[in-house]
file coords06.cif (mmCIF, C-alpha atoms and all ligand atoms)
data_my_file
loop_
_atom_site.group_PDB
_atom_site.id
_atom_site.type_symbol
_atom_site.label_atom_id
_atom_site.label_comp_id
_atom_site.auth_asym_id
_atom_site.auth_seq_id
_atom_site.Cartn_x
_atom_site.Cartn_y
_atom_site.Cartn_z
ATOM 1 C CA MET O 1 115.326 135.111 73.514
ATOM 2 C CA LYS O 2 115.700 131.875 71.603
ATOM 3 C CA VAL O 3 112.934 129.285 72.055
ATOM 4 C CA THR O 4 113.320 125.500 71.777
ATOM 5 C CA LEU O 5 110.192 123.351 71.638
ATOM 6 C CA ILE O 6 110.414 119.683 72.599
ATOM 7 C CA ALA O 7 107.591 117.498 71.277
ATOM 8 C CA PRO O 8 107.544 113.966 72.764
ATOM 9 C CA THR O 9 105.879 111.321 70.624
ATOM 10 C CA LEU O 10 105.090 107.646 70.950
ATOM 11 C CA ASN O 11 102.788 106.455 68.162
ATOM 12 C CA GLU O 12 101.035 109.793 67.574
ATOM 13 C CA ILE O 13 100.772 109.846 63.785
ATOM 14 C CA GLU O 14 97.285 111.375 63.614
ATOM 15 C CA ALA O 15 98.131 114.033 66.166
ATOM 16 C CA VAL O 16 101.471 115.093 64.678
ATOM 17 C CA ARG O 17 99.852 115.452 61.265
ATOM 18 C CA ALA O 18 97.279 117.815 62.760
ATOM 19 C CA VAL O 19 99.316 119.685 65.349
ATOM 20 C CA LEU O 20 102.906 120.187 64.169
ATOM 21 C CA PRO O 21 101.956 122.227 61.073
ATOM 22 C CA LYS O 22 100.073 124.630 63.387
ATOM 23 C CA ILE O 23 103.256 125.591 65.220
ATOM 24 C CA LYS O 24 104.274 128.772 63.425
ATOM 25 C CA LYS O 25 107.940 129.340 62.603
ATOM 26 C CA GLU O 26 107.856 132.758 64.253
ATOM 27 C CA TRP O 27 106.870 131.201 67.618
ATOM 28 C CA VAL O 28 109.825 128.827 68.036
ATOM 29 C CA ASP O 29 113.425 128.886 66.853
ATOM 30 C CA GLU O 30 114.110 125.192 67.280
ATOM 31 C CA LEU O 31 111.669 122.276 67.265
ATOM 32 C CA ILE O 32 112.835 118.817 68.322
ATOM 33 C CA VAL O 33 110.537 115.812 68.122
ATOM 34 C CA VAL O 34 111.739 113.256 70.673
ATOM 35 C CA ASP O 35 110.373 109.907 69.662
ATOM 36 C CA GLY O 36 110.143 106.951 72.031
ATOM 37 C CA GLY O 37 110.075 104.219 69.383
ATOM 38 C CA SER O 38 106.949 104.850 67.279
ATOM 39 C CA THR O 39 105.978 102.166 64.807
ATOM 40 C CA ASP O 40 102.995 103.953 63.231
ATOM 41 C CA GLY O 41 104.835 106.258 60.826
ATOM 42 C CA THR O 42 105.222 109.202 63.223
ATOM 43 C CA VAL O 43 108.987 109.425 62.643
ATOM 44 C CA GLU O 44 108.675 108.990 58.871
ATOM 45 C CA PHE O 45 105.998 111.698 58.660
ATOM 46 C CA CYS O 46 108.037 114.132 60.750
ATOM 47 C CA ARG O 47 111.263 113.590 58.810
ATOM 48 C CA ALA O 48 109.488 113.793 55.439
ATOM 49 C CA ASN O 49 108.060 117.150 56.479
ATOM 50 C CA GLY O 50 111.345 118.617 57.597
ATOM 51 C CA TYR O 51 111.005 118.226 61.352
ATOM 52 C CA ARG O 52 114.074 117.287 63.336
ATOM 53 C CA VAL O 53 113.566 113.948 65.075
ATOM 54 C CA HIS O 54 115.663 112.572 67.892
ATOM 55 C CA ARG O 55 115.124 108.899 68.566
ATOM 56 C CA GLN O 56 115.181 108.468 72.311
ATOM 57 C CA SER O 57 117.947 106.145 73.482
ATOM 58 C CA GLY O 58 116.426 105.510 76.928
ATOM 59 C CA LYS O 59 112.857 104.793 77.963
ATOM 60 C CA GLY O 60 109.968 106.770 79.408
ATOM 61 C CA TYR O 61 108.446 110.251 79.201
ATOM 62 C CA GLY O 62 110.868 111.857 81.668
ATOM 63 C CA ASN O 63 113.812 110.336 79.895
ATOM 64 C CA ALA O 64 112.500 111.761 76.599
ATOM 65 C CA MET O 65 112.318 115.260 78.109
ATOM 66 C CA GLN O 66 115.815 114.924 79.568
ATOM 67 C CA GLU O 67 117.246 113.885 76.206
ATOM 68 C CA GLY O 68 115.369 116.765 74.558
ATOM 69 C CA TYR O 69 116.801 119.220 77.085
ATOM 70 C CA GLU O 70 120.324 117.978 76.372
ATOM 71 C CA LEU O 71 119.874 118.814 72.678
ATOM 72 C CA ALA O 72 118.134 122.153 73.237
ATOM 73 C CA THR O 73 120.047 125.355 72.569
ATOM 74 C CA GLY O 74 117.286 127.889 73.311
ATOM 75 C CA ASP O 75 117.143 130.237 76.298
ATOM 76 C CA PHE O 76 113.609 129.012 76.879
ATOM 77 C CA VAL O 77 112.525 125.380 76.547
ATOM 78 C CA ILE O 78 108.871 124.543 75.907
ATOM 79 C CA GLU O 79 107.623 121.031 76.616
ATOM 80 C CA PHE O 80 104.737 120.386 74.258
ATOM 81 C CA PRO O 81 103.147 116.899 74.089
ATOM 82 C CA ALA O 82 102.275 116.378 70.430
ATOM 83 C CA ASP O 83 99.157 114.278 71.034
ATOM 84 C CA GLY O 84 96.514 116.907 70.405
ATOM 85 C CA ASN O 85 96.133 117.783 74.109
ATOM 86 C CA SER O 86 97.996 121.077 73.823
ATOM 87 C CA LEU O 87 97.021 124.198 71.894
ATOM 88 C CA PRO O 88 99.819 125.541 69.649
ATOM 89 C CA GLU O 89 98.343 129.056 69.811
ATOM 90 C CA LYS O 90 99.158 129.156 73.535
ATOM 91 C CA ILE O 91 102.902 128.738 72.952
ATOM 92 C CA SER O 92 103.405 132.493 72.711
ATOM 93 C CA ASP O 93 101.519 133.068 75.991
ATOM 94 C CA VAL O 94 103.991 130.728 77.726
ATOM 95 C CA VAL O 95 106.953 132.474 76.064
ATOM 96 C CA ASN O 96 105.603 135.924 76.985
ATOM 97 C CA LYS O 97 105.329 134.908 80.628
ATOM 98 C CA LEU O 98 108.915 133.606 80.613
ATOM 99 C CA ASN O 99 109.919 136.920 79.073
ATOM 100 C CA GLU O 100 108.328 138.685 82.045
ATOM 101 C CA GLY O 101 111.054 137.066 84.153
ATOM 102 C CA TYR O 102 109.503 133.824 85.361
ATOM 103 C CA ASP O 103 111.655 130.682 85.472
ATOM 104 C CA PHE O 104 108.833 128.190 85.006
ATOM 105 C CA VAL O 105 105.428 128.627 83.364
ATOM 106 C CA ILE O 106 102.641 126.035 83.366
ATOM 107 C CA ALA O 107 99.878 126.050 80.730
ATOM 108 C CA SER O 108 97.191 125.222 83.273
ATOM 109 C CA ARG O 109 94.010 123.405 82.304
ATOM 110 C CA TYR O 110 92.338 124.514 85.527
ATOM 111 C CA LYS O 111 93.180 128.205 85.717
ATOM 112 C CA PRO O 112 90.020 130.090 84.740
ATOM 113 C CA PRO O 113 88.792 130.493 82.064
ATOM 114 C CA ALA O 114 90.519 127.319 80.773
ATOM 115 C CA VAL O 115 88.336 124.309 79.987
ATOM 116 C CA ASN O 116 89.516 120.702 79.998
ATOM 117 C CA TYR O 117 87.791 118.758 77.211
ATOM 118 C CA ASP O 118 89.962 115.675 77.705
ATOM 119 C CA ASP O 119 89.225 114.864 81.349
ATOM 120 C CA ASP O 120 87.242 111.871 82.483
ATOM 121 C CA PHE O 121 86.091 111.312 86.069
ATOM 122 C CA LEU O 122 89.333 109.645 87.143
ATOM 123 C CA THR O 123 91.757 112.100 85.530
ATOM 124 C CA SER O 124 89.835 115.132 86.785
ATOM 125 C CA LYS O 125 89.831 113.823 90.380
ATOM 126 C CA GLY O 126 93.448 112.648 90.108
ATOM 127 C CA ASN O 127 94.688 115.974 88.748
ATOM 128 C CA TRP O 128 92.795 117.839 91.474
ATOM 129 C CA MET O 129 94.069 115.577 94.251
ATOM 130 C CA PHE O 130 97.726 115.581 93.195
ATOM 131 C CA THR O 131 97.712 119.344 92.719
ATOM 132 C CA LYS O 132 96.242 119.813 96.219
ATOM 133 C CA MET O 133 98.827 117.447 97.686
ATOM 134 C CA VAL O 134 101.729 119.283 96.073
ATOM 135 C CA ASN O 135 100.369 122.621 97.275
ATOM 136 C CA LEU O 136 100.015 121.327 100.835
ATOM 137 C CA LEU O 137 103.345 119.510 100.974
ATOM 138 C CA PHE O 138 105.455 122.151 99.247
ATOM 139 C CA TRP O 139 103.615 125.395 100.091
ATOM 140 C CA SER O 140 102.830 126.208 96.483
ATOM 141 C CA SER O 141 99.695 127.537 94.809
ATOM 142 C CA TYR O 142 99.554 125.694 91.492
ATOM 143 C CA SER O 143 96.259 124.922 89.775
ATOM 144 C CA ASP O 144 97.693 122.124 87.586
ATOM 145 C CA VAL O 145 100.873 120.188 88.362
ATOM 146 C CA LEU O 146 100.414 117.400 85.830
ATOM 147 C CA VAL O 147 99.848 119.061 82.487
ATOM 148 C CA GLY O 148 102.632 118.280 80.019
ATOM 149 C CA PHE O 149 102.580 121.713 78.344
ATOM 150 C CA ARG O 150 104.971 124.111 80.138
ATOM 151 C CA GLY O 151 108.092 126.159 79.647
ATOM 152 C CA TYR O 152 111.240 126.897 81.619
ATOM 153 C CA ARG O 153 114.504 128.821 81.452
ATOM 154 C CA ARG O 154 117.248 126.498 80.271
ATOM 155 C CA SER O 155 119.807 128.276 82.483
ATOM 156 C CA VAL O 156 118.093 127.141 85.698
ATOM 157 C CA PHE O 157 117.285 123.596 84.651
ATOM 158 C CA LYS O 158 120.654 121.981 85.355
ATOM 159 C CA ASP O 159 120.510 122.818 89.029
ATOM 160 C CA LEU O 160 117.116 121.116 89.425
ATOM 161 C CA ASN O 161 118.654 117.626 89.231
ATOM 162 C CA MET O 162 115.542 116.213 87.577
ATOM 163 C CA ASP O 163 115.691 112.421 87.572
ATOM 164 C CA ALA O 164 112.132 111.078 87.052
ATOM 165 C CA LYS O 165 112.197 108.726 84.091
ATOM 166 C CA GLY O 166 108.480 108.196 83.538
ATOM 167 C CA LEU O 167 105.339 110.353 83.550
ATOM 168 C CA SER O 168 106.058 111.503 87.127
ATOM 169 C CA TRP O 169 108.484 113.901 85.419
ATOM 170 C CA SER O 170 105.501 116.234 85.030
ATOM 171 C CA ILE O 171 104.981 116.573 88.772
ATOM 172 C CA GLN O 172 108.648 116.521 89.752
ATOM 173 C CA MET O 173 109.323 119.704 87.811
ATOM 174 C CA PRO O 174 106.832 122.018 89.585
ATOM 175 C CA ILE O 175 108.025 120.618 92.924
ATOM 176 C CA LYS O 176 111.701 121.222 92.109
ATOM 177 C CA PHE O 177 111.083 124.802 91.008
ATOM 178 C CA ILE O 178 109.300 125.534 94.292
ATOM 179 C CA LYS O 179 112.002 123.818 96.378
ATOM 180 C CA ARG O 180 114.648 126.011 94.727
ATOM 181 C CA GLY O 181 112.625 129.167 95.405
ATOM 182 C CA LEU O 182 112.430 129.994 91.693
ATOM 183 C CA ARG O 183 109.790 132.197 90.056
ATOM 184 C CA VAL O 184 106.793 130.222 88.848
ATOM 185 C CA ALA O 185 103.631 131.279 87.004
ATOM 186 C CA GLU O 186 100.680 129.824 85.135
ATOM 187 C CA ILE O 187 98.739 130.816 82.076
ATOM 188 C CA ALA O 188 95.263 129.457 81.284
ATOM 189 C CA ALA O 189 95.095 126.998 78.378
ATOM 190 C CA ASP O 190 92.254 124.678 77.378
ATOM 191 C CA GLU O 191 93.027 121.011 76.940
ATOM 192 C CA PRO O 192 91.390 119.692 73.771
ATOM 193 C CA GLU O 193 90.782 115.961 73.396
ATOM 194 C CA ARG O 194 93.728 113.862 72.305
ATOM 195 C CA ILE O 195 93.818 113.221 68.538
ATOM 196 C CA GLY O 196 93.924 109.510 67.646
ATOM 197 C CA GLY O 197 96.470 107.195 69.239
ATOM 198 C CA VAL O 198 96.229 105.767 72.721
ATOM 199 C CA ARG O 199 96.970 107.196 76.135
ATOM 200 C CA LYS O 200 100.304 106.062 77.609
ATOM 201 C CA MET O 201 99.322 107.166 81.094
ATOM 202 C CA SER O 202 97.641 104.410 83.132
ATOM 203 C CA PRO O 203 95.897 106.012 86.136
ATOM 204 C CA PHE O 204 96.934 103.504 88.805
ATOM 205 C CA LYS O 205 100.485 102.760 87.684
ATOM 206 C CA THR O 206 101.218 106.430 87.006
ATOM 207 C CA GLY O 207 99.367 107.452 90.193
ATOM 208 C CA TRP O 208 101.580 105.178 92.271
ATOM 209 C CA GLU O 209 104.730 106.456 90.560
ATOM 210 C CA ILE O 210 103.623 110.027 91.332
ATOM 211 C CA LEU O 211 102.910 109.242 94.981
ATOM 212 C CA MET O 212 106.352 107.714 95.486
ATOM 213 C CA LEU O 213 107.970 110.679 93.743
ATOM 214 C CA MET O 214 106.162 113.157 95.998
ATOM 215 C CA LEU O 215 107.303 111.328 99.134
ATOM 216 C CA LYS O 216 110.872 111.203 97.873
ATOM 217 C CA GLU O 217 110.827 114.936 97.129
ATOM 218 C CA ARG O 218 109.307 115.716 100.532
ATOM 219 C CA PHE O 219 111.992 113.825 102.411
ATOM 220 C CA THR O 220 115.016 114.929 100.400
ATOM 221 C CA LYS O 221 116.485 118.379 100.572
ATOM 222 C CA LYS O 222 117.491 119.095 96.978
HETATM 223 N N1 LIG G 301 109.231 110.053 73.445
HETATM 224 C C1 LIG G 301 108.320 109.589 74.289
HETATM 225 N N2 LIG G 301 107.088 110.154 74.317
HETATM 226 C C2 LIG G 301 106.185 109.640 75.189
HETATM 227 C C3 LIG G 301 106.462 108.563 76.056
HETATM 228 N N3 LIG G 301 105.344 108.314 76.794
HETATM 229 C C4 LIG G 301 104.408 109.194 76.384
HETATM 230 N N4 LIG G 301 104.898 109.995 75.412
HETATM 231 C C5 LIG G 301 104.239 111.098 74.712
HETATM 232 O O1 LIG G 301 103.961 112.081 75.694
HETATM 233 C C6 LIG G 301 102.711 112.700 75.469
HETATM 234 C C7 LIG G 301 101.810 112.542 76.684
HETATM 235 O O2 LIG G 301 101.481 111.174 76.895
HETATM 236 P P1 LIG G 301 99.950 110.702 76.998
HETATM 237 O O3 LIG G 301 99.859 109.256 76.862
HETATM 238 O O4 LIG G 301 99.171 111.476 76.007
HETATM 239 O O5 LIG G 301 99.575 111.084 78.462
HETATM 240 P P2 LIG G 301 98.347 111.951 78.843
HETATM 241 O O6 LIG G 301 98.396 113.254 78.120
HETATM 242 O O7 LIG G 301 98.346 112.002 80.331
HETATM 243 O O8 LIG G 301 97.097 111.086 78.354
HETATM 244 P P3 LIG G 301 95.895 111.571 77.393
HETATM 245 O O9 LIG G 301 95.104 112.531 78.178
HETATM 246 O O10 LIG G 301 95.125 110.363 77.002
HETATM 247 O O11 LIG G 301 96.506 112.188 76.168
HETATM 248 C C8 LIG G 301 102.182 112.072 74.188
HETATM 249 O O12 LIG G 301 102.543 112.882 73.096
HETATM 250 C C9 LIG G 301 102.905 110.733 74.124
HETATM 251 O O13 LIG G 301 103.043 110.222 72.831
HETATM 252 C C10 LIG G 301 107.784 107.989 75.994
HETATM 253 O O14 LIG G 301 108.130 107.058 76.714
HETATM 254 N N5 LIG G 301 108.646 108.545 75.099
HETATM 255 MG MG MG G 302 97.935 113.571 76.346
#

call {"tool": "encode", "arguments": {"input": "coords06.cif", "output": "structure tokens"}}
result
Amino acid sequence: MKVTLIAPTLNEIEAVRAVLPKIKKEWVDELIVVDGGSTDGTVEFCRANGYRVHRQSGKGYGNAMQEGYELATGDFVIEFPADGNSLPEKISDVVNKLNEGYDFVIASRYKPPAVNYDDDFLTSKGNWMFTKMVNLLFWSSYSDVLVGFRGYRRSVFKDLNMDAKGLSWSIQMPIKFIKRGLRVAEIAADEPERIGGVRKMSPFKTGWEILMLMLKERFTKK
């Protein structure tokens, strides 16, 4: 099975320097950096080192993932935030799970024995609360609905009708897979601290966006 990895970046120069070289060629067949308009040399570094970079034409995290998906040619697509929060050595665990027949695999930061080294009080409570809410509202049993690191089968993606433009993309995807009755699984993966740069997620703005998205998904059929 062919694997495409999508790495979203927005001013992540320190992280891409550290993380991209750790992604071994034998793990992925296609690697696409989707850049949201970095001005810190991220794009220049990636291009100079032979990475394919797509400059996002729209705005937002979800939009970046959508544009990445449209370029992807792999059977499996791995979403892999290139900010230091995801462990490259876990890519093959995600791929192996997809190979077992699952349609969607989350690299959960809360499935034992995973440890989250990046959480603060607010993000740990927020992640817990939103995961609980999704499980209650959509009859699922996820341990982490917000982590950016996950993989899916490209063949089933089109039918999901994903439309979240911002960071609520992360929570829309696990909900959509459950609503379609598709096969979902999790693997345990630590979350190391982000490397350099600044967080784009703002707890209250993103929290509100997520809440609205959950209500919309609850009250619409598809
Ligand atoms: N292309 C693109 N990438 C984005 C956009 N917003 C965020 N990203 C990238 O998506 C990844 C996740 O965003 P973060 O800001 O790290 O969100 P987070 O992981 O919840 O926050 P931290 O825990 O502080 O890392 C990072 O690699 C960002 O650079 C965007 O609008 N476009
Ligand atoms: Mg991050």

call {"tool": "residues_around", "arguments": {"input": "coords06.cif", "residues": "segment 9-24 of chain O", "least_positions_apart": "3", "cutoff": "6 Å", "atoms": "only C-alpha atoms", "output": "list of chain:residue names"}}
result
O:Trp27, O:Asp35, O:Gly36, O:Ser38, O:Asp40, O:Thr42, O:Ala82, O:Asp83, O:Gly84, O:Pro88, O:Ile195, O:Gly196, O:Gly197

call {"tool": "residues_near_ligand", "arguments": {"input": "coords06.cif", "ligand": "ligand MG 302 (chain G)", "cutoff": "10 Å", "atoms": "all atoms listed in the file", "output": "NGL selection string"}}
result
:O and (80-86 or 118 or 147-149 or 191-195 or 197-201)

call {"tool": "write_last_selection", "arguments": {"input": "coords06.cif", "atoms": "C-alpha atoms", "output": "compact mmCIF listing (two decimals), keeping the file's coordinate frame"}}
result
# COMPACT_ATOMS: atom_id res chain seq x y z
CA PHE O 80 104.74 120.39 74.26
CA PRO O 81 103.15 116.90 74.09
CA ALA O 82 102.28 116.38 70.43
CA ASP O 83 99.16 114.28 71.03
CA GLY O 84 96.51 116.91 70.40
CA ASN O 85 96.13 117.78 74.11
CA SER O 86 98.00 121.08 73.82
CA ASP O 118 89.96 115.68 77.70
CA VAL O 147 99.85 119.06 82.49
CA GLY O 148 102.63 118.28 80.02
CA PHE O 149 102.58 121.71 78.34
CA GLU O 191 93.03 121.01 76.94
CA PRO O 192 91.39 119.69 73.77
CA GLU O 193 90.78 115.96 73.40
CA ARG O 194 93.73 113.86 72.31
CA ILE O 195 93.82 113.22 68.54
CA GLY O 197 96.47 107.20 69.24
CA VAL O 198 96.23 105.77 72.72
CA ARG O 199 96.97 107.20 76.14
CA LYS O 200 100.30 106.06 77.61
CA MET O 201 99.32 107.17 81.09

call {"tool": "closest_residue", "arguments": {"input": "coords06.cif", "among": "O:Asn99, O:Ser155, O:Ser141, O:Ser202", "to": "ligand LIG 301 (chain G)", "atoms": "all atoms listed in the file"}}
result
O:Ser202

call {"tool": "closest_residue", "arguments": {"input": "coords06.cif", "among": "O:Ala189, O:Val28, O:Val105, O:Ala7", "to": "Lys90 of chain O", "atoms": "all atoms listed in the file"}}
result
O:Ala189

call {"tool": "closest_residue", "arguments": {"input": "coords06.cif", "among": "O:Ala48, O:Ile175, O:Leu122, O:Val34", "to": "ligand LIG 301 (chain G)", "atoms": "all atoms listed in the file"}}
result
O:Val34

call {"tool": "resolve_selection", "arguments": {"input": "coords06.cif", "expression": "the PyMOL selection byres (((chain O and resi 160) around 10) and not hetatm)", "output": "PyMOL selection string"}}
result
chain O and resi 156-159+161-163+172-173+175-177+179-180+222

call {"tool": "closest_residue", "arguments": {"input": "coords06.cif", "among": "O:Arg153, O:Lys2, O:Arg52, O:Lys165", "to": "ligand LIG 301 (chain G)", "atoms": "only C-alpha atoms and all ligand atoms"}}
result
O:Lys165

call {"tool": "atom_distance", "arguments": {"input": "coords06.cif", "atom1": "atom CA of Leu167 of chain O", "atom2": "atom N3 of ligand LIG 301 (chain G)"}}
result
7.1 Å

call {"tool": "resolve_selection", "arguments": {"input": "coords06.cif", "expression": "the PyMOL selection byres (((chain O and resi 168) around 8) and not hetatm)", "output": "ChimeraX atom specification"}}
result
/O:62,164-167,169-172,206,209-210,213

call {"tool": "atom_distance", "arguments": {"input": "coords06.cif", "atom1": "atom CA of Tyr117 of chain O", "atom2": "atom CA of Ile187 of chain O"}}
result
17.0 Å

call {"tool": "axis_aligned_box", "arguments": {"input": "coords06.cif", "around": "ligand LIG 301 (chain G)", "padding_each_side": "4 Å", "output": "lines of an AutoDock Vina configuration file"}}
result
center_x = 102.2
center_y = 110.2
center_z = 76.6
size_x = 22.1
size_y = 14.2
size_z = 15.5

call {"tool": "atom_distance", "arguments": {"input": "coords06.cif", "atom1": "atom CA of Arg154 of chain O", "atom2": "atom CA of Arg109 of chain O"}}
result
23.5 Å

call {"tool": "resolve_selection", "arguments": {"input": "coords06.cif", "expression": "the PyMOL selection byres (((chain O and resi 152) around 6) and not hetatm)", "output": "list of chain:residue names"}}
result
O:Phe76, O:Val77, O:Asp103, O:Phe104, O:Gly151, O:Arg153

call {"tool": "closest_residue", "arguments": {"input": "coords06.cif", "among": "O:Asn49, O:Asn135, O:Thr123, O:Thr4", "to": "ligand LIG 301 (chain G)", "atoms": "all atoms listed in the file"}}
result
O:Thr123

call {"tool": "closest_residue", "arguments": {"input": "coords06.cif", "among": "O:Ile6, O:Val43, O:Leu31, O:Ala64", "to": "ligand LIG 301 (chain G)", "atoms": "all atoms listed in the file"}}
result
O:Ala64
